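J.: Handing you a structure now.
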Number of protein chains: 2
Amino acid sequence: MTDPNPPNAGPTIWIVSTGTEILQGHYPDTNAQWIAHELMVLGFSVERIMAIPDDHTVLGTELGFACRRCDLVIMTGGLGPTADDMNREAVAGVFGVELVEDADALADIEGRFAKRGWPMPPSNRVQAQFPSGAKVLPNPWGTAPGFVIAPPEGSDLRANLLALPGPPREMRPMFAQIATPEILARFGDGRTRLRTLTLHTVGLAEALLNERIDDLFGLDPAVNVALLAGKWRVDIRLTLKGENDTENEALAEKWRGLICERIDPISIWGEDDDEFAGVVGSLLRERCQTLALAESCTGGLIAKQITDVAGSSDYFAEGFVTYSDEAKMKRLGVSEATLAEFGAVSAETAGEMAAGAREAAGTDWALSVTGIAGPGGATREKRLGLVFFGLAMPDGRVKTRRIQAFPGRAAVRELSAVTGLDILRRGILRFGG
Amino acid sequence: MTDPNPPNAGPTIWIVSTGTEILQGHYPDTNAQWIAHELMVLGFSVERIMAIPDDHTVLGTELGFACRRCDLVIMTGGLGPTADDMNREAVAGVFGVELVEDADALADIEGRFAKRGWPMPPSNRVQAQFPSGAKVLPNPWGTAPGFVIAPPEGSDLRANLLALPGPPREMRPMFAQIATPEILARFGDGRTRLRTLTLHTVGLAEALLNERIDDLFGLDPAVNVALLAGKWRVDIRLTLKGENDTENEALAEKWRGLICERIDPISIWGEDDDEFAGVVGSLLRERCQTLALAESCTGGLIAKQITDVAGSSDYFAEGFVTYSDEAKMKRLGVSEATLAEFGAVSAETAGEMAAGAREAAGTDWALSVTGIAGPGGATREKRLGLVFFGLAMPDGRVKTRRIQAFPGRAAVRELSAVTGLDILRRGILRFGG
């Protein structure tokens with residue numbers, strides 16, 4: 001029989017969120033996501049995330065099951081003062097112990113109310129109760145202390161259980177400052193140092209990328225390769241399991257090289273936390289160049305993305321959202337003849353829009369977009385999703401490009417914004433000096 | 001022994017998401033949230049949401065466990081063409097059947113590529129494989145068809161399993177249009193009829209709203225009242241549990257009235273699936289009036305929101321993203337003296353921007369925004385988050401307003417967009433004829 005947990009594999013960790021509102025879909029479970037990410041950064045991996053209702057029977061069954069299956073259960077929520085906060089009681093039941101009141105915790109809670117000049121409502125008193133044998137984790141950010149409890153001697157339970165309050169503004173600092181040392185004290189030796197490196201690509205289909213890097217998937221057991229397809233871009237995520245940080249750095253360097261041998265490096269627009277519009281903006285800032293935008297079907301979306309970035313006023317002068325033909329003529333000098341002969345959705349109009357925006361705004365670059373986002377506006381010749389781009393460059397030349405996107409108004413607009421920014425990005429890298 | 005599933009309780013449903021990226025905390029599990037909410041609206045409740053890794057052993061164990069514990073397992077993800085997409089195989093293993101290729105599905109996938117003039121990459125062929133006995137669910141939105149499979153005769157499995165692709169823009173329409181009829185056909189009798197009515201408010205703090213409607217919370221056991229605070233708006237969600245649709249309609253009517261007695265009805269901007277910018281656009285369309293925008297700190301965000309709405313070209317003429325002072329003067333006629341005396345972030349500049357945009361674009365209305373989104377640009381007199389709005393009205397009058405938002409670039413921009421649209425909305429309702 002193989003041991004499901006070899007000594008160096010690290011603890012198996014489950015995150016359990018309680019709350020009917022998650023199961024009814026009112027919110028996504030962002031607490032679990034946040035904790036999972038913190039654990040990954042600490043070098044731990046999470047085997048299971050689950051959400052269960054505030055129901056005494058279900059809580060007892062599921063917690064009991066979880067505490068027999070893994071080494072650490074981290075649960076959030078259910079520590080408030082009201083009747084549907086039943087996690088204290090459920091944990092005591094699973095661990096076969098009583099709830100006892102903690103005098104220090106009670107004093108803390110009373111103190112929080114006293115500071116605001118209020119008496120403590122009687123219902124808050126239950127928040128000072130903990131399963132006997134648990135270590136109380138103080139909560140300077142709210143009235144719900146957490147706790148951690150180890151499996152009692154001789155029981156069939158395997159897991160330590162860590163209980164934290166649900167409100168993120170209490171849970172997050174508690175996890176980082178108070179719970180993390182407890183986890184490291186109990187499981188610090190078992191963790192594998194992990195580093196992730198994410199390479200963001202644009203302009204390559206997932207299947208094509210997959211084919212190109214196919215030989216890399218099983219190449220090195222210390223490197224896990226995954227493709228994450230987003231709406232319009234594919235990320236290559238490497239999880240590096242070197243012995244230490246230096247080794248992970250070397251692995252990152254080596255694997256960046258391996259991937260760049262297989263795909264055109266210009267397709268990789270950034271790494272890790274880079275934002276697409278921020279990367280494009282940095283290229284402009286480095287060159288002290290400026291940008292104007294002329295948008296029709298994207299209706300301001302590209303300007304919005306460019307100005308999402310702090311400091312974008314360094315390179316972004318202005319945007320024209322020319323939704324009507326009249327605005328295209330008046331603001332950008334698109335000729336009536338061009339609109340009549342080729343239509344508003346044409347390479348000719350896109351080119352004149354870009355040239356006109358560059359001229360009017362007096363910038364180095366101008367990018368234009370005009371297309372059929374739908375649902376209306378399509379003809380036999382011009383289908384939904386047909387989009388033209390114009391790029392006016394510092395030397396006055398104008399290039400145009402067309403794409404045919406899959407229909408769907410939001411999808412056409414998003415793909416148009418990304419494609420437009422990518423046309424600009426590649427233009428700057430090739431012709432921007 | 002009590003039956004854990006009395007006959008009228010409806011099916012027990014688990015949602016299983018697969019993907020290492022969820023367990024590493026790269027994304028919250030929004031697919032599970034979205035499905036849970038859809039199920040609630042359909043009258044079903046979800047007993048468990050869980051996320052498990054893309055690991056063949058774990059997938060097999062956990063799916064087998066889930067399929068013995070509940071009546072319906074809905075899983076998302078893992079249907080792509082790459083090596084880490086192993087859900088098809090895992091389900092076949094659990095249900096004890098082979099994978100077989102479906103000719104129609106294969107033709108569909110090939111057809112999607114052919115439409116774009118590409119050959120199908122060989123790796124996509126696996127997407128036409130399904131566990132034997134499964135019903136294929138076509139996916140007109142992408143290359144990954146889904147499927148639904150019932151427990152084989154004589155097996156110890158209890159659950160129907162529904163597999164859907166992970167990308168939300170494929171999964172959502174598939175769930176709504178293709179999977180929902182399958183669920184209703186199998187479990188339609190067991191659901192409790194529910195109706196939710198969500199009233200969207202803007203401009204009221206959650207605590208204030210809570211005070212105003214405090215007496216309604218326990219008023220009627222057939223009506224559950226909840227406040228859902230979003231980033232900048234609060235929703236009042238009513239869950240109505242009438243005996244039938246007619247009774248739910250009557251309850252909705254009555255409770256709309258009860259709430260409007262307690263808060264100013266103009267604070268309620270819409271219901272259920274209404275979108276804020278769509279509601280504002282409808283007010284313009286009904287009046288055959290047109291709009292121009294002049295944005296500084298929001299940088300195109302309001303234009304983007306207005307043009308998110310299909311058909312917005314009926315009332316939206318154009319937008320000016322005047323990020324620089326020069327653009328404000330050249331495009332909108334803001335006077336140099338105003339900029340020098342009051343600054344770009346001032347009521348005076350906001351007013352001139354709105355008046356200038358209305359004049360230049362020849363529209364009935366123009367809305368302007370100028371503010372300090374940060375992180376730079378603040379002074380002792382003008383703090384981060386200070387934002388001014390101008391509204392130029394059909395009769396030529398211009399009103400201005402200021403807000404002081406909490407700092408944070410994205411938050412200031414979002415609140416500015418909402419506040420701007422709300423100023424326009426209230427302006428149209430009061431002065432728009």
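By order of appearance in the structure tokens: chains A, B, ..., then residues from 1 within every chain, and ligands from 1 in the order shown.
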Pull the closest atom pair for each residue of chain B that gets at most 6 Å from chain A, along with the distance in Å to one decimal, counting only C-alpha atoms, ordering rows by chain and then ascending residue number, as JSON lines.
T.:
```
{"residue": "B:Leu23", "atom": "CA", "partner": "A:Val46", "partner_atom": "CA", "distance": 5.7}
{"residue": "B:Gln24", "atom": "CA", "partner": "A:His37", "partner_atom": "CA", "distance": 5.3}
{"residue": "B:Gly25", "atom": "CA", "partner": "A:His37", "partner_atom": "CA", "distance": 4.2}
{"residue": "B:Pro28", "atom": "CA", "partner": "A:Gln33", "partner_atom": "CA", "distance": 5.3}
{"residue": "B:Thr30", "atom": "CA", "partner": "A:Pro28", "partner_atom": "CA", "distance": 5.5}
{"residue": "B:Gln33", "atom": "CA", "partner": "A:Gly25", "partner_atom": "CA", "distance": 4.3}
{"residue": "B:Trp34", "atom": "CA", "partner": "A:Gly25", "partner_atom": "CA", "distance": 6.0}
{"residue": "B:Ala36", "atom": "CA", "partner": "A:Gly25", "partner_atom": "CA", "distance": 4.7}
{"residue": "B:His37", "atom": "CA", "partner": "A:Gly25", "partner_atom": "CA", "distance": 4.2}
{"residue": "B:Met40", "atom": "CA", "partner": "A:Gln24", "partner_atom": "CA", "distance": 5.9}
{"residue": "B:Val46", "atom": "CA", "partner": "A:Leu23", "partner_atom": "CA", "distance": 5.7}
{"residue": "B:Arg48", "atom": "CA", "partner": "A:Ile52", "partner_atom": "CA", "distance": 5.2}
{"residue": "B:Ile49", "atom": "CA", "partner": "A:Ala51", "partner_atom": "CA", "distance": 5.0}
{"residue": "B:Met50", "atom": "CA", "partner": "A:Met50", "partner_atom": "CA", "distance": 4.1}
{"residue": "B:Ala51", "atom": "CA", "partner": "A:Ile49", "partner_atom": "CA", "distance": 5.0}
{"residue": "B:Ile52", "atom": "CA", "partner": "A:Arg48", "partner_atom": "CA", "distance": 5.3}
{"residue": "B:Gly299", "atom": "CA", "partner": "A:Lys304", "partner_atom": "CA", "distance": 5.2}
{"residue": "B:Gly300", "atom": "CA", "partner": "A:Gly300", "partner_atom": "CA", "distance": 4.5}
{"residue": "B:Leu301", "atom": "CA", "partner": "A:Lys304", "partner_atom": "CA", "distance": 5.0}
{"residue": "B:Ala303", "atom": "CA", "partner": "A:Gly300", "partner_atom": "CA", "distance": 5.2}
{"residue": "B:Lys304", "atom": "CA", "partner": "A:Gly300", "partner_atom": "CA", "distance": 4.7}
{"residue": "B:Thr307", "atom": "CA", "partner": "A:Gly299", "partner_atom": "CA", "distance": 5.6}
{"residue": "B:Ala317", "atom": "CA", "partner": "A:Ser324", "partner_atom": "CA", "distance": 5.6}
{"residue": "B:Glu318", "atom": "CA", "partner": "A:Thr322", "partner_atom": "CA", "distance": 5.0}
{"residue": "B:Gly319", "atom": "CA", "partner": "A:Val321", "partner_atom": "CA", "distance": 4.6}
{"residue": "B:Phe320", "atom": "CA", "partner": "A:Phe320", "partner_atom": "CA", "distance": 5.3}
{"residue": "B:Val321", "atom": "CA", "partner": "A:Gly319", "partner_atom": "CA", "distance": 4.6}
{"residue": "B:Thr322", "atom": "CA", "partner": "A:Glu318", "partner_atom": "CA", "distance": 5.1}
{"residue": "B:Tyr323", "atom": "CA", "partner": "A:Glu318", "partner_atom": "CA", "distance": 5.3}
{"residue": "B:Ser324", "atom": "CA", "partner": "A:Ala317", "partner_atom": "CA", "distance": 5.6}
```
J.: Take the residues just selected and output them with N, CA and C atoms as a compact mmCIF listing (two decimals), in the first residue's frame.
T.:
```txt
# COMPACT_ATOMS: atom_id res chain seq x y z
N LEU B 23 -7.86 26.29 -6.67
CA LEU B 23 -7.27 25.87 -5.39
C LEU B 23 -6.00 26.66 -5.06
N GLN B 24 -5.41 27.29 -6.06
CA GLN B 24 -4.26 28.15 -5.77
C GLN B 24 -4.71 29.60 -5.59
N GLY B 25 -6.00 29.82 -5.64
CA GLY B 25 -6.51 31.16 -5.35
C GLY B 25 -6.30 32.17 -6.45
N PRO B 28 -11.62 33.59 -7.93
CA PRO B 28 -12.70 33.03 -7.12
C PRO B 28 -13.55 32.14 -8.02
N THR B 30 -16.36 31.80 -9.61
CA THR B 30 -17.58 32.52 -10.01
C THR B 30 -18.54 31.63 -10.78
N GLN B 33 -20.77 30.11 -8.20
CA GLN B 33 -21.69 31.13 -7.70
C GLN B 33 -22.83 31.37 -8.69
N TRP B 34 -22.48 31.52 -9.94
CA TRP B 34 -23.48 31.84 -10.95
C TRP B 34 -24.50 30.70 -11.07
N ALA B 36 -25.23 28.43 -8.79
CA ALA B 36 -26.02 28.35 -7.55
C ALA B 36 -27.15 29.37 -7.59
N HIS B 37 -26.84 30.55 -8.10
CA HIS B 37 -27.88 31.58 -8.14
C HIS B 37 -28.97 31.21 -9.15
N MET B 40 -31.17 28.66 -7.57
CA MET B 40 -32.06 29.22 -6.58
C MET B 40 -33.28 29.84 -7.25
N VAL B 46 -28.83 24.32 -3.37
CA VAL B 46 -27.55 23.65 -3.52
C VAL B 46 -27.05 23.27 -2.14
N ARG B 48 -23.96 21.66 -1.57
CA ARG B 48 -22.50 21.69 -1.44
C ARG B 48 -21.88 22.30 -2.69
N ILE B 49 -20.89 23.16 -2.47
CA ILE B 49 -20.06 23.64 -3.58
C ILE B 49 -18.65 23.18 -3.28
N MET B 50 -17.99 22.50 -4.19
CA MET B 50 -16.61 22.15 -3.90
C MET B 50 -15.71 22.33 -5.11
N ALA B 51 -14.46 22.65 -4.82
CA ALA B 51 -13.46 22.78 -5.88
C ALA B 51 -12.39 21.74 -5.63
N ILE B 52 -12.03 21.02 -6.67
CA ILE B 52 -11.01 19.97 -6.55
C ILE B 52 -9.99 20.13 -7.67
N GLY B 299 -12.14 58.90 -17.82
CA GLY B 299 -11.36 58.46 -18.98
C GLY B 299 -12.05 57.54 -19.96
N GLY B 300 -13.34 57.68 -20.15
CA GLY B 300 -14.04 56.84 -21.12
C GLY B 300 -14.92 55.78 -20.47
N LEU B 301 -14.84 55.67 -19.15
CA LEU B 301 -15.61 54.63 -18.46
C LEU B 301 -17.12 54.83 -18.63
N ALA B 303 -18.66 56.48 -21.12
CA ALA B 303 -18.97 56.18 -22.53
C ALA B 303 -19.02 54.67 -22.74
N LYS B 304 -18.08 53.97 -22.13
CA LYS B 304 -18.05 52.51 -22.23
C LYS B 304 -19.35 51.91 -21.68
N THR B 307 -22.30 52.67 -23.97
CA THR B 307 -22.28 51.90 -25.23
C THR B 307 -22.23 50.40 -25.00
N ALA B 317 -24.53 60.29 -29.07
CA ALA B 317 -23.89 60.85 -30.26
C ALA B 317 -22.38 60.71 -30.21
N GLU B 318 -21.77 61.26 -29.15
CA GLU B 318 -20.32 61.10 -29.07
C GLU B 318 -19.81 61.42 -27.66
N GLY B 319 -18.56 61.00 -27.44
CA GLY B 319 -17.92 61.25 -26.15
C GLY B 319 -16.57 61.90 -26.36
N PHE B 320 -16.21 62.80 -25.44
CA PHE B 320 -14.90 63.44 -25.47
C PHE B 320 -14.15 62.97 -24.23
N VAL B 321 -13.03 62.28 -24.45
CA VAL B 321 -12.20 61.92 -23.30
C VAL B 321 -11.08 62.96 -23.26
N THR B 322 -11.35 64.04 -22.57
CA THR B 322 -10.42 65.18 -22.55
C THR B 322 -9.54 65.07 -21.32
N TYR B 323 -8.45 64.32 -21.48
CA TYR B 323 -7.59 64.05 -20.33
C TYR B 323 -6.68 65.24 -20.05
N SER B 324 -6.23 65.91 -21.10
CA SER B 324 -5.31 67.05 -20.91
C SER B 324 -6.09 68.37 -20.87
```
J.: Residual C-alpha RMSD for chain B onto chain A, least squares, all atoms in order?
T.: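 Across all paired C-alpha atoms, the RMSD is 4.2 Å.
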J.: What's the 6 Å shell around segment 64-69 of chain A, counting only C-alpha atoms, without same-chain residues fewer than 4 positions away, as a list in words?
T.: Gly60, Val94, Leu157, Arg158 and Ala159 of chain A
J.: Quick one: pull the distance between atom CA of Ala205 of chain A and atom CA of Ser123 of chain B, Å, one decimal.
T.: 12.3 Å
J.: Mind listing the strand (DSSP E or B) residues of segment 181-428 of chain B, per DSSP on the backbone, as a ChimeraX atom specification?
T.: /B:195-202,223-229,233-240,268-271,291-295,316-322,365-371,386-392,398-404
J.: Report as an MDAnalysis selection string all protein, DNA and RNA residues lying within 9 Å of segment 131-146 of chain B, evaluated on only C-alpha atoms, omitting residues in the same chain fewer than 6 positions from it.
T.: (chainID A and resid 406) or (chainID B and resid 79:81 88:89 91:93 95:102 105 108:110 112:113 124 152 162:165 167 169:171 173:174 178:179)
